[in-house]
There are 12 protein chains.
Amino acid sequence: MANVLVLHGPNLNLLGYREPHMYGDKTLAQINEAIEDEAKQLGLTVRIVQSNQEGDLVDAIHQAIGWAQAIIINPAGYTHTSVVLRDAIQAVRLPAIEVHLSNIAAREEFRHHSVIAPACVGQISGFQWMSYLLALRAARELIEKVG
Amino acid sequence: MANVLVLHGPNLNLLGYREPHMYGDKTLAQINEAIEDEAKQLGLTVRIVQSNQEGDLVDAIHQAIGWAQAIIINPAGYTHTSVVLRDAIQAVRLPAIEVHLSNIAAREEFRHHSVIAPACVGQISGFQWMSYLLALRAARELIEKVG
Amino acid sequence: MANVLVLHGPNLNLLGYREPHMYGDKTLAQINEAIEDEAKQLGLTVRIVQSNQEGDLVDAIHQAIGWAQAIIINPAGYTHTSVVLRDAIQAVRLPAIEVHLSNIAAREEFRHHSVIAPACVGQISGFQWMSYLLALRAARELIEKVG
Amino acid sequence: MANVLVLHGPNLNLLGYREPHMYGDKTLAQINEAIEDEAKQLGLTVRIVQSNQEGDLVDAIHQAIGWAQAIIINPAGYTHTSVVLRDAIQAVRLPAIEVHLSNIAAREEFRHHSVIAPACVGQISGFQWMSYLLALRAARELIEKVG
Amino acid sequence: MANVLVLHGPNLNLLGYREPHMYGDKTLAQINEAIEDEAKQLGLTVRIVQSNQEGDLVDAIHQAIGWAQAIIINPAGYTHTSVVLRDAIQAVRLPAIEVHLSNIAAREEFRHHSVIAPACVGQISGFQWMSYLLALRAARELIEKVG
Amino acid sequence: MANVLVLHGPNLNLLGYREPHMYGDKTLAQINEAIEDEAKQLGLTVRIVQSNQEGDLVDAIHQAIGWAQAIIINPAGYTHTSVVLRDAIQAVRLPAIEVHLSNIAAREEFRHHSVIAPACVGQISGFQWMSYLLALRAARELIEKVG
Amino acid sequence: MANVLVLHGPNLNLLGYREPHMYGDKTLAQINEAIEDEAKQLGLTVRIVQSNQEGDLVDAIHQAIGWAQAIIINPAGYTHTSVVLRDAIQAVRLPAIEVHLSNIAAREEFRHHSVIAPACVGQISGFQWMSYLLALRAARELIEKVG
Amino acid sequence: MANVLVLHGPNLNLLGYREPHMYGDKTLAQINEAIEDEAKQLGLTVRIVQSNQEGDLVDAIHQAIGWAQAIIINPAGYTHTSVVLRDAIQAVRLPAIEVHLSNIAAREEFRHHSVIAPACVGQISGFQWMSYLLALRAARELIEKVG
Amino acid sequence: MANVLVLHGPNLNLLGYREPHMYGDKTLAQINEAIEDEAKQLGLTVRIVQSNQEGDLVDAIHQAIGWAQAIIINPAGYTHTSVVLRDAIQAVRLPAIEVHLSNIAAREEFRHHSVIAPACVGQISGFQWMSYLLALRAARELIEKVG
Amino acid sequence: MANVLVLHGPNLNLLGYREPHMYGDKTLAQINEAIEDEAKQLGLTVRIVQSNQEGDLVDAIHQAIGWAQAIIINPAGYTHTSVVLRDAIQAVRLPAIEVHLSNIAAREEFRHHSVIAPACVGQISGFQWMSYLLALRAARELIEKVG
Amino acid sequence: MANVLVLHGPNLNLLGYREPHMYGDKTLAQINEAIEDEAKQLGLTVRIVQSNQEGDLVDAIHQAIGWAQAIIINPAGYTHTSVVLRDAIQAVRLPAIEVHLSNIAAREEFRHHSVIAPACVGQISGFQWMSYLLALRAARELIEKVG
Amino acid sequence: MANVLVLHGPNLNLLGYREPHMYGDKTLAQINEAIEDEAKQLGLTVRIVQSNQEGDLVDAIHQAIGWAQAIIINPAGYTHTSVVLRDAIQAVRLPAIEVHLSNIAAREEFRHHSVIAPACVGQISGFQWMSYLLALRAARELIEKVG
């Protein structure tokens, strides 16, 4: 049985309340429940962390060493600027998947570019809460391929 | 039962032969078989088209009107320049999913930007042939949400 | 009596269906009829070609040598990238008029620039199907001036 | 019967004298006569204003409120920089047509971009004095469509 | 008792009529009245000038020498291009405050940058007609600090 | 009686000590006192938070939901890069005012652009500690208009 | 005996008062006197015009047709943006010399580029009021070479 | 004996007719004859393909697998934009030589950059039809070095 | 005896584990020991802080006031974006030295530029853990020069 | 009596032979003679150096210390790239005048910008060999003002 | 019998030693021998110059006047910045061929652009020492065409 | 005992005289003496070369082959443009250290970027003459690590 770290970046604690036309109307609690369910079906154990602190996200990534076999991360507002998160992902040498609820390519110009993406295996964006479930499937495949 | 058009862009007929460290070692025929299997499991009918002609891809998109409920497209080399494919997708008013075998964000600078992506619902990249299977799942969800 | 080649670029076969708030609600057949009528009134013979293939548009331009005295072209999505169409127009040494249904200057940034325009005599954009009729008038003037 | 304001921007008073290979050899008086004739044939009344003062052009646009149903403007050298003229056109809520004698896309790089164009319905450029006559036809169509 | 020059740039004479969702529905006369009232309460004398001529705005700034202790200026469309107004403000050596009715940072890209701002003490934007009243308060503070 | 959250970004705890020619010589305590006084006069209750942690500023903005009717924020060094703070402001759906002590348009190039500003109602910069007091007045107006 | 038009752009009426460390401490009247003296010694008649109105400068250039054999212009703040003045100079087909009091290459980035310069024969900048006298000498040479 | 594929891109069928000052006055038939002759002398067999269809060029490159030992390609207008052709060349793992009749570095800015070149071994440009003959020699050397 | 604050930015706690070909194979503990030793030899007292929280790094810099005579900082991933750290360094008015283990000029484009560097006295990069020891020597010189 | 160093940059030894439509048909010897004559009339002693070696030009500038009161330099092809010459001019603390035979603002884009200019007092360009004579006059004025 | 100047730019004296995977393992002496042989076969006399001094390369180009009928130049590191070499080539009015050992389009971004190329007839790059031999053939053709 | 080449680029012969607030008041002779002393203490032999000729610096680097184990280079004005020096360093395969007296990151924009740095092991800048001494220490470490 494999372990996956799921990271929610800043402001995602407000999901459901925050611009629902963009991010969907499910709350983070509801999404986490869906993640737990899907993980169980896929034979994965998940640890879910949400934080508005960039440093806490870094710490969570570091703590994945030795426990997780893969990381799923929605860097939210840090997607476009955080070299620190990118470095953290590269440092821990775990396959990571970048996830976005909205289609960032269809939004403001500055949201089109991700500094995180080159440190990840792949990117899934635009399917709202489904993005996480697809990422779980992808994670299982990545783990199996290695394992 | 829903229908999905799956489009493979130029040079993808050489999969398996072409830079396998980048695109994987499965041939297009093998990938198509995997797509057919996954589709069957998801209750979807797929029509798969590969072409090296931009205009044929446009025609295939147009012909999806009235038959398909969703489009999965790997625009390959057209990802970065083809306004024509973008316009075609917008014109047919069907939810489309952009797929890439490799993680385009980790390659040459000019491959980071997709002119197709803003016309799509979302983007899945970096999971080699798995990207298509994830896209099929996403497609079924999109169809169910609307339908 | 003079001859004019009228070229419709990719996706224009979907006119009427495709984003009517942007391109108007006339079908291409209806527009072609209006073009034929206007041409007749102006004493012009028109050959109308629509294609989603860049190469077919190039061929049509080449075949205008020796028959047409002017070219009217709506390059659609090729407006912004096709050096090939620009070169074709320059190669045949016929006065060409670039036409757009929508006001491309009021749309996405990447649509503001035309690589075709410098090879043409002039540009008419924003008057929906009327753009073609104005172009026919302009074409007749250009032919008369030379002729 | 509809009214149309025709605006000639700076330096156009020197037409005929100024770089005739670029702008043609008709004087502004001759062009204005042609505009008057064409307008009469189209059932339009025109008010023609030329000024080298940006502010006078703004005032003329403001005074079109309540009299004109459309505006034809050749912003000349202000095409590329005048946010003020753009704002004036947007402020008066009248359909406007941008006109150029020369094909600005085939000239110096800085002349390719128009800050005025997004505030207009459309753009006609490159047909020398004919550009104005084509614009009058377009204006009548715009007025009829609304009216 | 101190004197303040209040300058309204081009097109502001159309306030109330012009895009009220952007600029508010008060006319310039109503705003000027509010400015006069606020000034009186603050112990300030105001001279209010509106012009669509860049040169008239420059002249008004020059004439402030020896009379005004501060300048409030809404450069409107000149905000983004007028080196001339910037130079005028620097030349007269009076503290100036740049004012905008709308939040220019939330509009088109080209409106984000002000060439006037570096020559001013500060900038107040986005509070519609209130921007002027806040600027009057700021002006009084600036004058007192020096005075 | 309305509530306003006042946020001081990183390094502002050093006010008075830090480059006084740029930021003024009042300490943050003195400025806060002035804010409290002005708020009282305007009938506003303020909650003042200073933090050097981006995540704490995000949390403070989130906690304004249900208590504050407006937010005043001096993002300091985060002005130019923090998509996270911008997203937080947009997420809580409260009118926000961006405040700067110095005239950021007159400083280094990289300080001219604010990523926060488009998510705010308006911006007040350059009046040192007075910027906050002007913002309080603006906040009261915004609250009254809505309320 | 030859005639030369000398044009002073906006804000130059404040010379002597305005930033003397940058522009020198001579007033415009004093500079004009020096210009008149030098012209007399060189056998030139000068007509000197200063205006803060872009349009007046354009008119003065137009009126040079048939009277002047050369133009000396200090476009001041219009140096960097005025396509209109550039077009005016090109339109009148007279040799023009661009003059600056300060060394614009050593000032703010946006002052380094002149849109006027390509329409002139040459450029003299940085010698304060001496720039005009050098330009007069250059003008006489240009006239002699042609004449 | 080695085989070489020679590809002529779009509009090259018009050689001799098209801008002879730029491309020379030999027709494509004449150039092909010269290519055949030179190949014979060098002991090479050539297959020559010209197409205005990007996809046909891609197909021709694919079909070189197993037959050709080297590719000579004049991508013409596709030089500057076709990621698809670049990918095709990389996919077939054959040494390719990019050829241009004109010196593209001395033409319009947009022609200076080749997206094809990084996928090739080298580039020969500017020697009109001689460019092909030089490329044949280079091809033989490349083949010999490997073989 | 002088005091020096040594700051390690985010992800540096993983040194030894993280990309050793880039950052060397010493752990942070080993490097800290070397720093302590070198400091002792140089007659310096060091306080060493590592944090993944940008705000904690800011706090540590603030707390250097009154204790340290110099700061050595490896901003790691914050090098390229953190205006906040730059402002902190400028605010405390202590000489600071920027340190990097790797040669950032030889890595990805976005790592070439440091927003921190202009606020420092100097920069030492590329000598792995030796960079810190060289910085200590430089710090002592800076302190002696002032002291 | 004052001394002036006159420096001719690379390729100027070919004047008269080299593109005479651009640089005039006088040889360097003829221009030097004119410089000597003008200098004599102005009471100046000149030392004239031409070199195609950047380092020799630097040496000549260094050797001006203690002998020359001003420098006239035509950096030719080094105008646009030589930080070394710029540094040399700044290092010797002598007023320098940049001279160009042609109007560099009217030539290729890359010739518009001078890296030398900010280190000079002023710039004279476009008057062919007359540019040097005007520079001599300017030099005398600069020397007199200081002296 | 015709004469050709062959120029090797800086660092090429280290060929064979220097990065052989990039530049090949032949020494410059060996390459020069191959050049001499090929020239003899083509009936050409060559003068070969290598220098690390930009000025010496300029001098060699100047000295080609009256002796050589063509120039072959590998500008090496000067390719991307030397306006001086470009000017030298243009000044001597001889057909020049730019040569590179490596495929500069496939290396670092800054090596993609040549400032020399527009002054040459054509460019041959990527065939290691063969590039020179191909250039000799091209040179002979150019000379024959003219002669 | 190891050997180190120390290179001083152009204009550094004027140290002490040249802008001492930027570069310090020690002469080059004094700095060289300090370098010699430090080298002796470190058990290193140094060869010190200063030149204003780019080519001489290249030659000195080439001559380090077989004698030196490391290079210390202050490229001065060549830092920002000299591909030739960068290539020379890469060609000789010796560890090199780039040194600057001033903090180039805190000066004009064009001085922020070094084209030399990617070819070096590391960079030390901002510590005036101390930069060289630190570089010597670093050099010894680099040599020991290899040796």
# chains A, B, ... in the order shown; residues from 1 in each chain; ligands from 1
>>> residues_around(residues="range 6-18 of chain C", least_positions_apart="4", cutoff="6 Å", atoms="only C-alpha atoms", output="MDAnalysis selection string")
(chainID B and resid 88 91) or (chainID C and resid 25:28 48:52 72:76)
>>> select_by_dssp(residues="range 6-135 of chain L", states="alpha helix (DSSP H)", output="count of residues only")
45
>>> residues_around(residues="range 103-120 of chain A", least_positions_apart="4", cutoff="7 Å", atoms="only C-alpha atoms", output="NGL selection string")
(:A and (79-83 or 85-86 or 89-90 or 95-98 or 125-126)) or (:B and (105-106 or 117-118 or 121-122))
>>> select_by_dssp(residues="chain I", states="strand (DSSP E or B)", output="mmCIF file with all heavy atoms, in the first residue's frame")
data_model
loop_
_atom_site.group_PDB
_atom_site.id
_atom_site.type_symbol
_atom_site.label_atom_id
_atom_site.label_comp_id
_atom_site.auth_asym_id
_atom_site.auth_seq_id
_atom_site.Cartn_x
_atom_site.Cartn_y
_atom_site.Cartn_z
ATOM 1 N N ALA I 2 33.369 40.960 17.355
ATOM 2 C CA ALA I 2 32.190 41.351 16.594
ATOM 3 C C ALA I 2 31.234 40.186 16.399
ATOM 4 O O ALA I 2 31.628 39.025 16.463
ATOM 5 C CB ALA I 2 32.618 41.894 15.230
ATOM 6 N N ASN I 3 29.963 40.536 16.144
ATOM 7 C CA ASN I 3 28.916 39.526 15.972
ATOM 8 C C ASN I 3 28.397 39.506 14.541
ATOM 9 O O ASN I 3 28.200 40.569 13.931
ATOM 10 C CB ASN I 3 27.742 39.826 16.902
ATOM 11 C CG ASN I 3 28.179 39.815 18.355
ATOM 12 O OD1 ASN I 3 29.107 39.079 18.729
ATOM 13 N ND2 ASN I 3 27.542 40.649 19.164
ATOM 14 N N VAL I 4 28.154 38.311 14.039
ATOM 15 C CA VAL I 4 27.652 38.177 12.680
ATOM 16 C C VAL I 4 26.453 37.235 12.661
ATOM 17 O O VAL I 4 26.509 36.139 13.226
ATOM 18 C CB VAL I 4 28.747 37.627 11.732
ATOM 19 C CG1 VAL I 4 28.176 37.380 10.327
ATOM 20 C CG2 VAL I 4 29.932 38.581 11.665
ATOM 21 N N LEU I 5 25.363 37.670 12.036
ATOM 22 C CA LEU I 5 24.197 36.813 11.844
ATOM 23 C C LEU I 5 24.369 36.046 10.543
ATOM 24 O O LEU I 5 24.622 36.650 9.491
ATOM 25 C CB LEU I 5 22.930 37.677 11.783
ATOM 26 C CG LEU I 5 21.642 36.936 11.393
ATOM 27 C CD1 LEU I 5 21.240 35.929 12.468
ATOM 28 C CD2 LEU I 5 20.511 37.919 11.142
ATOM 29 N N VAL I 6 24.234 34.722 10.606
ATOM 30 C CA VAL I 6 24.299 33.892 9.394
ATOM 31 C C VAL I 6 22.921 33.280 9.143
ATOM 32 O O VAL I 6 22.401 32.541 9.983
ATOM 33 C CB VAL I 6 25.347 32.769 9.540
ATOM 34 C CG1 VAL I 6 25.353 31.891 8.284
ATOM 35 C CG2 VAL I 6 26.731 33.366 9.785
ATOM 36 N N LEU I 7 22.340 33.605 7.980
ATOM 37 C CA LEU I 7 20.978 33.155 7.667
ATOM 38 C C LEU I 7 20.980 32.141 6.532
ATOM 39 O O LEU I 7 21.498 32.420 5.451
ATOM 40 C CB LEU I 7 20.123 34.350 7.247
ATOM 41 C CG LEU I 7 19.554 35.217 8.352
ATOM 42 C CD1 LEU I 7 18.830 36.410 7.744
ATOM 43 C CD2 LEU I 7 18.594 34.412 9.220
ATOM 44 N N HIS I 8 20.347 30.995 6.782
ATOM 45 C CA HIS I 8 20.145 29.998 5.730
ATOM 46 C C HIS I 8 18.681 30.029 5.314
ATOM 47 O O HIS I 8 17.791 29.794 6.148
ATOM 48 C CB HIS I 8 20.476 28.590 6.230
ATOM 49 C CG HIS I 8 21.873 28.394 6.721
ATOM 50 N ND1 HIS I 8 22.979 28.532 5.923
ATOM 51 C CD2 HIS I 8 22.351 28.050 7.954
ATOM 52 C CE1 HIS I 8 24.079 28.266 6.630
ATOM 53 N NE2 HIS I 8 23.724 27.989 7.868
ATOM 54 N N LEU I 44 35.149 36.093 15.534
ATOM 55 C CA LEU I 44 33.763 36.522 15.349
ATOM 56 C C LEU I 44 32.821 35.588 16.103
ATOM 57 O O LEU I 44 33.082 34.389 16.219
ATOM 58 C CB LEU I 44 33.378 36.465 13.870
ATOM 59 C CG LEU I 44 34.151 37.367 12.904
ATOM 60 C CD1 LEU I 44 33.797 37.022 11.459
ATOM 61 C CD2 LEU I 44 33.847 38.834 13.190
ATOM 62 N N THR I 45 31.747 36.157 16.620
ATOM 63 C CA THR I 45 30.679 35.335 17.192
ATOM 64 C C THR I 45 29.565 35.244 16.165
ATOM 65 O O THR I 45 29.148 36.265 15.603
ATOM 66 C CB THR I 45 30.132 35.984 18.483
ATOM 67 O OG1 THR I 45 31.220 36.176 19.371
ATOM 68 C CG2 THR I 45 29.052 35.104 19.114
ATOM 69 N N VAL I 46 29.083 34.038 15.901
ATOM 70 C CA VAL I 46 27.997 33.907 14.922
ATOM 71 C C VAL I 46 26.717 33.412 15.578
ATOM 72 O O VAL I 46 26.748 32.643 16.548
ATOM 73 C CB VAL I 46 28.374 32.933 13.774
ATOM 74 C CG1 VAL I 46 29.463 33.520 12.895
ATOM 75 C CG2 VAL I 46 28.785 31.578 14.299
ATOM 76 N N ARG I 47 25.586 33.908 15.048
ATOM 77 C CA ARG I 47 24.268 33.364 15.382
ATOM 78 C C ARG I 47 23.742 32.810 14.067
ATOM 79 O O ARG I 47 23.643 33.548 13.090
ATOM 80 C CB ARG I 47 23.356 34.475 15.909
ATOM 81 C CG ARG I 47 21.963 34.008 16.300
ATOM 82 C CD ARG I 47 21.008 35.183 16.500
ATOM 83 N NE ARG I 47 21.350 36.009 17.640
ATOM 84 C CZ ARG I 47 20.858 37.246 17.852
ATOM 85 N NH1 ARG I 47 20.031 37.789 16.976
ATOM 86 N NH2 ARG I 47 21.229 37.941 18.899
ATOM 87 N N ILE I 48 23.451 31.500 14.048
ATOM 88 C CA ILE I 48 23.043 30.854 12.799
ATOM 89 C C ILE I 48 21.558 30.518 12.842
ATOM 90 O O ILE I 48 21.096 29.887 13.794
ATOM 91 C CB ILE I 48 23.855 29.567 12.551
ATOM 92 C CG1 ILE I 48 25.372 29.873 12.596
ATOM 93 C CG2 ILE I 48 23.483 28.947 11.203
ATOM 94 C CD1 ILE I 48 26.258 28.674 12.354
ATOM 95 N N VAL I 49 20.835 30.938 11.825
ATOM 96 C CA VAL I 49 19.387 30.687 11.753
ATOM 97 C C VAL I 49 19.051 30.075 10.397
ATOM 98 O O VAL I 49 19.500 30.575 9.374
ATOM 99 C CB VAL I 49 18.591 32.006 11.921
ATOM 100 C CG1 VAL I 49 17.092 31.751 11.763
ATOM 101 C CG2 VAL I 49 18.894 32.657 13.262
ATOM 102 N N GLN I 50 18.298 28.996 10.430
ATOM 103 C CA GLN I 50 17.747 28.444 9.178
ATOM 104 C C GLN I 50 16.240 28.443 9.301
ATOM 105 O O GLN I 50 15.689 28.099 10.350
ATOM 106 C CB GLN I 50 18.238 27.014 8.924
ATOM 107 C CG GLN I 50 17.923 26.497 7.507
ATOM 108 C CD GLN I 50 16.511 25.958 7.329
ATOM 109 O OE1 GLN I 50 15.916 25.431 8.253
ATOM 110 N NE2 GLN I 50 15.952 26.126 6.136
ATOM 111 N N ALA I 70 27.227 42.628 11.188
ATOM 112 C CA ALA I 70 27.129 42.260 9.771
ATOM 113 C C ALA I 70 26.204 41.066 9.627
ATOM 114 O O ALA I 70 25.961 40.334 10.601
ATOM 115 C CB ALA I 70 28.498 41.933 9.183
ATOM 116 N N ILE I 71 25.682 40.888 8.407
ATOM 117 C CA ILE I 71 24.769 39.771 8.115
ATOM 118 C C ILE I 71 25.295 39.009 6.907
ATOM 119 O O ILE I 71 25.716 39.616 5.920
ATOM 120 C CB ILE I 71 23.347 40.291 7.811
ATOM 121 C CG1 ILE I 71 22.766 40.992 9.040
ATOM 122 C CG2 ILE I 71 22.435 39.167 7.337
ATOM 123 C CD1 ILE I 71 21.443 41.693 8.780
ATOM 124 N N ILE I 72 25.274 37.688 7.021
ATOM 125 C CA ILE I 72 25.558 36.815 5.874
ATOM 126 C C ILE I 72 24.275 36.067 5.572
ATOM 127 O O ILE I 72 23.705 35.436 6.457
ATOM 128 C CB ILE I 72 26.701 35.821 6.205
ATOM 129 C CG1 ILE I 72 28.023 36.593 6.336
ATOM 130 C CG2 ILE I 72 26.805 34.742 5.135
ATOM 131 C CD1 ILE I 72 29.159 35.766 6.894
ATOM 132 N N ILE I 73 23.797 36.168 4.337
ATOM 133 C CA ILE I 73 22.515 35.558 4.013
ATOM 134 C C ILE I 73 22.576 34.762 2.720
ATOM 135 O O ILE I 73 23.040 35.253 1.698
ATOM 136 C CB ILE I 73 21.387 36.622 3.933
ATOM 137 C CG1 ILE I 73 20.055 35.963 3.553
ATOM 138 C CG2 ILE I 73 21.730 37.735 2.957
ATOM 139 C CD1 ILE I 73 18.846 36.855 3.747
ATOM 140 N N ASN I 74 22.115 33.520 2.807
ATOM 141 C CA ASN I 74 21.883 32.692 1.619
ATOM 142 C C ASN I 74 20.379 32.637 1.440
ATOM 143 O O ASN I 74 19.703 31.850 2.096
ATOM 144 C CB ASN I 74 22.450 31.278 1.817
ATOM 145 C CG ASN I 74 22.194 30.413 0.589
ATOM 146 O OD1 ASN I 74 21.373 30.742 -0.262
ATOM 147 N ND2 ASN I 74 22.912 29.294 0.514
ATOM 148 N N ALA I 96 25.455 43.636 4.604
ATOM 149 C CA ALA I 96 25.039 42.258 4.369
ATOM 150 C C ALA I 96 25.794 41.678 3.183
ATOM 151 O O ALA I 96 26.148 42.392 2.249
ATOM 152 C CB ALA I 96 23.536 42.205 4.106
ATOM 153 N N ILE I 97 26.031 40.379 3.257
ATOM 154 C CA ILE I 97 26.727 39.658 2.189
ATOM 155 C C ILE I 97 25.823 38.528 1.717
ATOM 156 O O ILE I 97 25.376 37.713 2.513
ATOM 157 C CB ILE I 97 28.067 39.082 2.710
ATOM 158 C CG1 ILE I 97 28.983 40.219 3.179
ATOM 159 C CG2 ILE I 97 28.746 38.245 1.631
ATOM 160 C CD1 ILE I 97 30.224 39.748 3.918
ATOM 161 N N GLU I 98 25.555 38.515 0.390
ATOM 162 C CA GLU I 98 24.717 37.455 -0.182
ATOM 163 C C GLU I 98 25.602 36.285 -0.571
ATOM 164 O O GLU I 98 26.637 36.474 -1.227
ATOM 165 C CB GLU I 98 23.988 38.000 -1.411
ATOM 166 C CG GLU I 98 23.008 37.012 -2.004
ATOM 167 C CD GLU I 98 22.337 37.569 -3.246
ATOM 168 O OE1 GLU I 98 22.369 38.807 -3.456
ATOM 169 O OE2 GLU I 98 21.800 36.762 -4.030
ATOM 170 N N VAL I 99 25.186 35.083 -0.210
ATOM 171 C CA VAL I 99 25.991 33.897 -0.411
ATOM 172 C C VAL I 99 25.183 32.840 -1.169
ATOM 173 O O VAL I 99 23.991 32.681 -0.919
ATOM 174 C CB VAL I 99 26.438 33.344 0.969
ATOM 175 C CG1 VAL I 99 26.866 31.901 0.867
ATOM 176 C CG2 VAL I 99 27.564 34.191 1.534
ATOM 177 N N HIS I 100 25.819 32.175 -2.103
ATOM 178 C CA HIS I 100 25.178 31.031 -2.766
ATOM 179 C C HIS I 100 26.160 29.866 -2.847
ATOM 180 O O HIS I 100 27.344 30.070 -3.130
ATOM 181 C CB HIS I 100 24.719 31.395 -4.175
ATOM 182 C CG HIS I 100 23.645 32.418 -4.164
ATOM 183 N ND1 HIS I 100 22.347 32.114 -3.836
ATOM 184 C CD2 HIS I 100 23.672 33.754 -4.382
ATOM 185 C CE1 HIS I 100 21.623 33.214 -3.875
ATOM 186 N NE2 HIS I 100 22.398 34.229 -4.194
ATOM 187 N N GLY I 122 28.009 42.959 -1.061
ATOM 188 C CA GLY I 122 28.604 42.152 -2.106
ATOM 189 C C GLY I 122 27.992 40.774 -2.153
ATOM 190 O O GLY I 122 27.065 40.454 -1.387
ATOM 191 N N GLN I 123 28.517 39.967 -3.047
ATOM 192 C CA GLN I 123 27.934 38.664 -3.348
ATOM 193 C C GLN I 123 29.054 37.647 -3.574
ATOM 194 O O GLN I 123 30.027 37.950 -4.284
ATOM 195 C CB GLN I 123 27.106 38.818 -4.630
ATOM 196 C CG GLN I 123 26.045 37.768 -4.848
ATOM 197 C CD GLN I 123 25.304 37.970 -6.160
ATOM 198 O OE1 GLN I 123 25.837 38.536 -7.100
ATOM 199 N NE2 GLN I 123 24.075 37.492 -6.216
ATOM 200 N N ILE I 124 28.904 36.476 -2.966
ATOM 201 C CA ILE I 124 29.868 35.387 -3.169
ATOM 202 C C ILE I 124 29.077 34.144 -3.546
ATOM 203 O O ILE I 124 28.225 33.694 -2.779
ATOM 204 C CB ILE I 124 30.672 35.116 -1.879
ATOM 205 C CG1 ILE I 124 31.516 36.342 -1.522
ATOM 206 C CG2 ILE I 124 31.574 33.886 -2.061
ATOM 207 C CD1 ILE I 124 32.206 36.247 -0.170
ATOM 208 N N SER I 125 29.343 33.597 -4.732
ATOM 209 C CA SER I 125 28.539 32.444 -5.144
ATOM 210 C C SER I 125 29.363 31.419 -5.901
ATOM 211 O O SER I 125 30.288 31.767 -6.631
ATOM 212 C CB SER I 125 27.386 32.898 -6.028
ATOM 213 O OG SER I 125 27.864 33.506 -7.186
#
>>> atom_distance(atom1="CA of Leu101 in chain L", atom2="CA of Phe127 in chain L")
5.7 Å
